[in-house]
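S.K.: Next up is a structure, given as structure tokens.
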Amino acid sequence: MTVPFSGRATEAKQGVQVSADAALTVAAFCWIGWLLLQLLDFGFGRDQGIFAVVGRTILERGMPYRDAWDFKPPGIFFIYALAGASVAGIRIVEVAAWISLVVAFGRLSRIYLGSAIAGTLGAMVAVTAHVQLEFWHTAQPESFGAVAIAWAVALAGGASSAVDLSQASRLRRMIASGICYGVAAVLKPTMGIAVLGSLALVLIAERRRGPLNFRSLAPAGALAFGALLPGLICLAFFAARGALPHMLQALVGFAPHYTALAWQNAQPAEVALTLVRQWLFEYSLLVPIGLVSLLAARWTRELRAGLLHLGVVIACLLAGVLIQGKLFAYHFDAVLPLTALVAGWGLWALWERSRRWTPGVAAFGAVLVTATLLHDRSPDFSESFSQRSAARVEAWLTPARAGAIRDRLYSVADYRAGDNRRAADWIRAQTSPDAAVFVYGFTPELYIASNRRLASRYIYIVPQKATWSRLEARSRLLDELQQSRPAAFLVEHEDVMPWVDGTLNDSAGDLERFGELKSVIGTDYQKEQRVGKFDVYRRTR
């Protein structure tokens, strides 16, 4: 049978589009792979050191808050424990989590757009924004909570939109979605409130199917049950281990005062405007480009349903960022991935129009490359992200220079990787492997790097400096140091963080105002030397 010329032309055109789609997918996956390779190299920052110390405590059968103190919710500590409380382990777990996010975005995009490639574009934008946050703002609770929420939305969306699912299958998916939301809540409650978005959409979907009754309300109930489950398990675990009062003291007694620091003298309207500006423009130019490109999309019923679902969840996550007030870069990591997915859908709509002819494909590629190059930066660093990536490659290829390069790459503000490394070297050289040490400062990473025991639950100085916790925390610290008798004592300089503890003193300056501890050091310790920003003392009796 002879194929008409128009038919052959149509087939050829479709073949070109398929080839273009394949090339776009390969390019996106290559870029994602390159970024995740960079992520694997990231070192610890201050927060990551805290989480690793508490994670190590869990591995040693201790408990967060009671045996290693912090005021973050407990979920992140268990992730670090799962990763072996090591810098390499946590980065491997983080990379695995973000690979799974690519899969979740593909599932969501098939549900609402009928194309997984749209999800790949969204994942490309999301991974770019995440990795460009660099070592300081990654491996945070938001880094993992965002992935849990992506899967929660994918599971809830699939259960709500599928017409061929049995009631039992729908309920199982809703429970699984709720568990993902619950995991996000255990990582940080301001992320867990996103469950309200899916819950509202589930109720609307069931209402459209018919009158609400016990059977139609079951999916919403399953979602709510799943969302509560991780938190209930966590509370039961802490109660069984006798650490629940310590957790409540940190999360209910200390954390609200910390959050309140952000709102002192702050104007809510101004903070909200700054939040919107940072969310849309600070972390990726592809986000606003993709959102505008949605105008070119075919607004099917499925796309509208997907945008409504994601939009409500994103609004809840933005409210969570606003509640915290500080607008740290990693806070936005909770909301950026889903925003990037919506932007990816817009880019997909633009691609569908552009791939029809070669100049359109070239123009689309130029938009992606130009937007990426124009936003080639990371928060808190003067170097561009590409410069920092090139330095990492240099470290891989020239092991003799790797140490110096990593010291420079993984230092920011008063946090100096070289000083930390030299201080850890001193501890290992001057103390026995089973010795306890104490760092009066804000660099708990030293406990991990030196592989030494904690002398106190207070792994950093904030409770001793904060006005709302100072008296009780100092008294407990003195008691614990008297019992543990640390072999070495380190005092940090230049770690001034008023947005955390509300004071303008560094740790060395605070020691001058802590007479009892200063007396203990003067009586039982001798100053050996200054190692970088640390005064190091050895026990004499």
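Residue numbering restarts at 1 for every chain of the structure tokens, chains are lettered A, B, ... in their displayed order, and ligands are numbered from 1 as they appear.
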If you run DSSP on this backbone, which residues of region 265-403 of chain A come out as helix (DSSP H, G or I), and could you give them as a short mmCIF file (atom, residue, chain, number, x, y, z; two decimals) with C-alpha atoms, in the first residue's frame?
M.R.:
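Contents of the output file result09.cif:
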```cif
data_model
loop_
_atom_site.label_atom_id
_atom_site.label_comp_id
_atom_site.auth_asym_id
_atom_site.auth_seq_id
_atom_site.Cartn_x
_atom_site.Cartn_y
_atom_site.Cartn_z
CA PRO A 268 5.04 40.96 58.72
CA ALA A 269 4.10 42.54 55.38
CA GLU A 270 7.73 43.28 54.58
CA VAL A 271 8.78 39.75 55.53
CA ALA A 272 6.01 38.32 53.33
CA LEU A 273 7.09 40.40 50.33
CA THR A 274 10.70 39.34 50.82
CA LEU A 275 9.55 35.72 51.02
CA VAL A 276 7.73 35.95 47.69
CA ARG A 277 10.67 37.67 46.01
CA GLN A 278 13.16 35.07 47.25
CA TRP A 279 10.86 32.17 46.41
CA LEU A 280 10.29 33.24 42.81
CA PHE A 281 13.57 34.87 41.81
CA GLU A 282 16.40 34.18 44.27
CA LEU A 286 14.05 28.89 35.34
CA VAL A 287 11.31 29.08 37.99
CA PRO A 288 9.77 32.38 36.81
CA ILE A 289 10.42 31.47 33.15
CA GLY A 290 8.64 28.17 33.58
CA LEU A 291 5.72 29.68 35.47
CA VAL A 292 5.19 32.28 32.74
CA SER A 293 5.47 29.55 30.10
CA LEU A 294 2.38 27.88 31.57
CA LEU A 295 0.44 30.40 29.49
CA ALA A 296 1.44 28.31 26.46
CA ARG A 301 -8.96 19.33 33.11
CA GLU A 302 -6.12 17.14 34.35
CA LEU A 303 -3.61 20.00 34.23
CA ARG A 304 -5.99 22.26 36.13
CA ALA A 305 -6.45 19.58 38.78
CA GLY A 306 -2.69 19.12 39.09
CA LEU A 307 -2.00 22.84 39.37
CA LEU A 308 -4.71 23.17 42.00
CA HIS A 309 -3.27 20.29 44.01
CA LEU A 310 0.31 21.55 43.82
CA GLY A 311 -0.75 25.16 44.31
CA VAL A 312 -2.51 24.48 47.60
CA VAL A 313 0.40 22.37 48.90
CA ILE A 314 2.88 25.07 47.86
CA ALA A 315 0.80 27.71 49.64
CA CYS A 316 0.92 25.63 52.84
CA LEU A 317 4.69 25.24 52.53
CA LEU A 318 5.14 28.98 51.97
CA ALA A 319 3.13 29.61 55.13
CA GLY A 320 5.55 27.28 56.94
CA VAL A 321 8.54 29.25 55.67
CA LEU A 322 6.87 32.51 56.73
CA ILE A 323 6.14 31.21 60.25
CA GLN A 324 9.86 30.62 60.82
CA ALA A 329 18.05 29.70 52.11
CA TYR A 330 17.48 26.12 53.26
CA HIS A 331 13.98 27.01 54.49
CA PHE A 332 13.02 27.56 50.84
CA ASP A 333 14.28 24.09 49.99
CA ALA A 334 10.96 22.81 51.34
CA LEU A 336 11.28 25.08 45.79
CA PRO A 337 11.06 21.49 44.45
CA LEU A 338 7.27 21.52 43.95
CA THR A 339 7.51 25.05 42.55
CA ALA A 340 10.18 23.76 40.17
CA LEU A 341 7.83 20.97 39.11
CA VAL A 342 5.15 23.50 38.17
CA ALA A 343 7.82 25.49 36.32
CA GLY A 344 8.86 22.26 34.59
CA TRP A 345 5.31 21.83 33.35
CA GLY A 346 5.49 25.31 31.88
CA LEU A 347 8.81 24.51 30.23
CA TRP A 348 7.23 21.35 28.82
CA ALA A 349 4.44 23.42 27.27
CA LEU A 350 7.08 25.70 25.74
CA TRP A 351 9.01 22.67 24.50
CA GLU A 352 5.94 21.16 22.83
CA ARG A 353 5.63 24.31 20.74
CA SER A 354 9.37 24.68 20.12
CA THR A 358 14.97 23.04 14.45
CA PRO A 359 15.24 26.78 15.25
CA GLY A 360 12.65 26.29 17.98
CA VAL A 361 14.68 23.47 19.55
CA ALA A 362 17.80 25.65 19.43
CA ALA A 363 15.93 28.58 20.99
CA PHE A 364 14.57 26.39 23.79
CA GLY A 365 18.04 25.07 24.56
CA ALA A 366 19.40 28.60 24.56
CA VAL A 367 16.78 29.67 27.10
CA LEU A 368 17.72 26.83 29.45
CA VAL A 369 21.46 27.42 29.16
CA THR A 370 21.23 31.21 29.42
CA ALA A 371 18.95 31.13 32.46
CA THR A 372 21.27 28.63 34.17
CA LEU A 373 24.38 30.69 33.44
CA LEU A 374 22.76 33.94 34.56
CA PHE A 385 28.71 27.68 41.44
CA SER A 386 30.57 26.70 38.26
CA GLN A 387 33.83 28.01 39.75
CA ARG A 388 33.24 25.96 42.87
CA SER A 389 32.39 22.91 40.75
CA ALA A 390 35.61 23.34 38.78
CA ALA A 391 37.54 23.51 42.05
CA ARG A 392 35.96 20.23 43.15
CA VAL A 393 37.01 18.59 39.90
CA GLU A 394 40.54 19.91 40.45
CA ALA A 395 40.52 18.33 43.92
CA TRP A 396 39.44 14.99 42.41
CA LEU A 397 42.19 15.08 39.83
CA PRO A 399 44.85 14.56 45.45
CA ALA A 400 47.90 16.45 46.71
CA ARG A 401 45.91 19.69 46.63
CA ALA A 402 42.56 18.24 47.66
CA GLY A 403 42.89 19.12 51.34
#
```
S.K.: Determine, counting only C-alpha atoms, which protein, DNA and RNA residues have an atom within 12 Å of an atom of Phe534 (chain A); residues of the same chain fewer than 6 positions away are not included. Present the result as JSON, numbers by chain.
M.R.: {"A": [414, 415, 416, 418, 419, 420, 421, 422, 423, 424, 426, 427, 438, 439, 440, 441, 442, 443, 446, 488, 489, 490, 491, 492, 493, 494, 495, 506, 507, 508, 527, 528]}
S.K.: Using C-alpha atoms, can you export the residues from the last selection as an mmCIF file, in the first residue's frame?
M.R.:
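And here's part29.cif as it stands now:
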```cif
data_model
loop_
_atom_site.group_PDB
_atom_site.id
_atom_site.type_symbol
_atom_site.label_atom_id
_atom_site.label_comp_id
_atom_site.auth_asym_id
_atom_site.auth_seq_id
_atom_site.Cartn_x
_atom_site.Cartn_y
_atom_site.Cartn_z
ATOM 1 C CA ASP A 414 33.315 32.362 60.713
ATOM 2 C CA TYR A 415 33.063 28.639 59.915
ATOM 3 C CA ARG A 416 36.558 27.590 58.781
ATOM 4 C CA GLY A 418 40.907 24.340 57.985
ATOM 5 C CA ASP A 419 40.715 25.481 61.606
ATOM 6 C CA ASN A 420 38.262 22.696 62.364
ATOM 7 C CA ARG A 421 40.525 20.097 60.774
ATOM 8 C CA ARG A 422 43.585 21.292 62.701
ATOM 9 C CA ALA A 423 41.647 21.365 65.975
ATOM 10 C CA ALA A 424 40.411 17.805 65.387
ATOM 11 C CA TRP A 426 45.145 18.247 67.911
ATOM 12 C CA ILE A 427 42.410 16.415 69.838
ATOM 13 C CA PHE A 438 34.322 19.446 75.436
ATOM 14 C CA VAL A 439 33.999 22.280 72.918
ATOM 15 C CA TYR A 440 32.696 25.566 74.300
ATOM 16 C CA GLY A 441 31.600 26.935 70.961
ATOM 17 C CA PHE A 442 29.439 26.267 67.950
ATOM 18 C CA THR A 443 31.416 23.630 66.031
ATOM 19 C CA LEU A 446 34.836 18.410 66.037
ATOM 20 C CA ALA A 488 40.568 18.463 76.663
ATOM 21 C CA PHE A 489 38.649 21.716 76.617
ATOM 22 C CA LEU A 490 38.351 23.931 73.520
ATOM 23 C CA VAL A 491 37.026 27.494 73.486
ATOM 24 C CA GLU A 492 35.944 29.017 70.176
ATOM 25 C CA HIS A 493 36.403 32.614 69.042
ATOM 26 C CA GLU A 494 34.435 34.670 66.488
ATOM 27 C CA ASP A 495 31.261 32.561 66.525
ATOM 28 C CA ASP A 506 31.353 34.936 70.804
ATOM 29 C CA SER A 507 32.028 31.849 72.912
ATOM 30 C CA ALA A 508 35.316 33.161 74.285
ATOM 31 C CA LYS A 527 46.183 26.339 78.007
ATOM 32 C CA GLU A 528 48.349 24.626 75.415
#
```
S.K.: Fewer than 3 positions away in the same chain doesn't count, so skip those; otherwise give me all residues within 12 Å of Gly522 (chain A), counting only C-alpha atoms, as a list in words.
M.R.: Phe489, Leu511, Glu512, Gly515, Glu516, Leu517, Lys518, Ser519, Tyr525, Gln526, Lys527, Tyr537, Arg538, Arg539, Thr540 and Arg541 of chain A
S.K.: Quick one: residues within 12 Å of His130 (chain A), only C-alpha atoms counted, chain neighbours fewer than 5 positions away excluded, as an MDAnalysis selection string?
M.R.: chainID A and resid 32 35:36 38:39 94:95 98 101 123:125 135:140 142:144 146:147 283:284 329:338 340 377:379 385
S.K.: Can I get the selection written as a short mmCIF file (atom, residue, chain, number, x, y, z; two decimals), in the first residue's frame, with C-alpha atoms?
M.R.:
```
data_model
loop_
_atom_site.label_atom_id
_atom_site.label_comp_id
_atom_site.auth_asym_id
_atom_site.auth_seq_id
_atom_site.Cartn_x
_atom_site.Cartn_y
_atom_site.Cartn_z
CA ILE A 32 21.06 16.08 37.01
CA LEU A 35 24.83 18.10 39.90
CA LEU A 36 24.36 15.07 42.15
CA GLN A 38 28.84 17.65 43.03
CA LEU A 39 26.50 17.04 45.96
CA GLU A 94 20.72 12.71 50.12
CA VAL A 95 21.62 11.82 46.53
CA TRP A 98 16.82 13.26 45.21
CA LEU A 101 12.35 12.78 43.67
CA ALA A 123 13.33 17.68 38.47
CA MET A 124 16.15 19.32 36.53
CA VAL A 125 15.08 22.75 37.82
CA PHE A 135 27.12 22.45 51.49
CA TRP A 136 25.82 24.94 54.04
CA HIS A 137 22.14 24.74 53.07
CA THR A 138 21.85 21.08 51.98
CA ALA A 139 21.46 17.87 54.03
CA GLN A 140 19.00 19.88 56.14
CA GLU A 142 14.03 20.52 54.31
CA SER A 143 16.34 18.62 51.95
CA PHE A 144 14.67 15.35 52.91
CA ALA A 146 10.80 18.08 50.30
CA VAL A 147 11.34 14.61 48.85
CA TYR A 283 17.19 30.55 43.61
CA SER A 284 16.52 29.88 39.92
CA ALA A 329 18.05 29.70 52.11
CA TYR A 330 17.48 26.12 53.26
CA HIS A 331 13.98 27.01 54.49
CA PHE A 332 13.02 27.56 50.84
CA ASP A 333 14.28 24.09 49.99
CA ALA A 334 10.96 22.81 51.34
CA VAL A 335 8.90 24.68 48.74
CA LEU A 336 11.28 25.08 45.79
CA PRO A 337 11.06 21.49 44.45
CA LEU A 338 7.27 21.52 43.95
CA ALA A 340 10.18 23.76 40.17
CA ARG A 377 25.70 31.45 42.07
CA SER A 378 25.23 30.04 45.55
CA PRO A 379 24.02 31.81 48.69
CA PHE A 385 28.71 27.68 41.44
#
```
S.K.: Taking 6 positions as the minimum chain separation for residues in the same chain, which residues sit within 12 Å of region 199-211 of chain A when counting only C-alpha atoms? Answer as a PyMOL selection string.
M.R.: chain A and resi 152-153+155-163+170-171+174-175+177-178+181+192-193+217-227+305-313+316
S.K.: Which of region 285-449 of chain A counts as strand (DSSP E or B) under DSSP, as a list in words please?
M.R.: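 Everything in region 285-449 of chain A that counts as strand (DSSP E or B) is Val412, Tyr415, Ala436, Val437, Phe438, Val439 and Tyr440 of chain A.
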S.K.: Counting only C-alpha atoms, figure out which residue out of A:Ala455, A:Arg406, A:Phe77, A:Lys72 gets nearest to Leu59 (chain A).
M.R.: A:Phe77
S.K.: If you count only C-alpha atoms, which residues fall within 8 Å of Ala116 (chain A), apart from same-chain ones fewer than 4 positions away, as number ranges by chain?
M.R.: A: 105-110, 120
S.K.: Output N, CA and C atoms for every residue in that selection, as a short mmCIF file (atom, residue, chain, number, x, y, z; two decimals), in the first residue's frame.
M.R.:
```
data_model
loop_
_atom_site.label_atom_id
_atom_site.label_comp_id
_atom_site.auth_asym_id
_atom_site.auth_seq_id
_atom_site.Cartn_x
_atom_site.Cartn_y
_atom_site.Cartn_z
N PHE A 105 8.44 12.96 40.52
CA PHE A 105 8.00 14.00 39.60
C PHE A 105 7.53 13.39 38.28
N GLY A 106 8.18 12.32 37.84
CA GLY A 106 7.73 11.64 36.63
C GLY A 106 6.34 11.06 36.80
N ARG A 107 6.08 10.46 37.96
CA ARG A 107 4.75 9.89 38.22
C ARG A 107 3.69 10.98 38.25
N LEU A 108 3.99 12.08 38.94
CA LEU A 108 3.03 13.18 39.01
C LEU A 108 2.73 13.75 37.63
N SER A 109 3.75 13.87 36.82
CA SER A 109 3.55 14.46 35.49
C SER A 109 2.77 13.52 34.57
N ARG A 110 2.96 12.23 34.73
CA ARG A 110 2.14 11.30 33.95
C ARG A 110 0.67 11.39 34.36
N THR A 120 10.66 15.31 34.35
CA THR A 120 12.12 15.36 34.28
C THR A 120 12.61 16.80 34.19
#
```
S.K.: I need the residue nearest Leu477 (chain A) from this list: A:Asp67, A:Pro73, A:Phe51, A:Asp425. Use only C-alpha atoms for the distance.
M.R.: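 Smallest separation from Leu477 (chain A) among the options: A:Asp67.
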S.K.: Please compute the CA of Leu481 (chain A)-CA of Arg61 (chain A) distance, one decimal, in Å.
M.R.: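 So the answer is 20.6 Å.
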S.K.: Identify which of the residues A:Ala68, A:Val437, A:Ala266, A:Ala154 lies closest to Ala104 (chain A), counting only C-alpha atoms when measuring atom-to-atom distances.
M.R.: A:Ala154
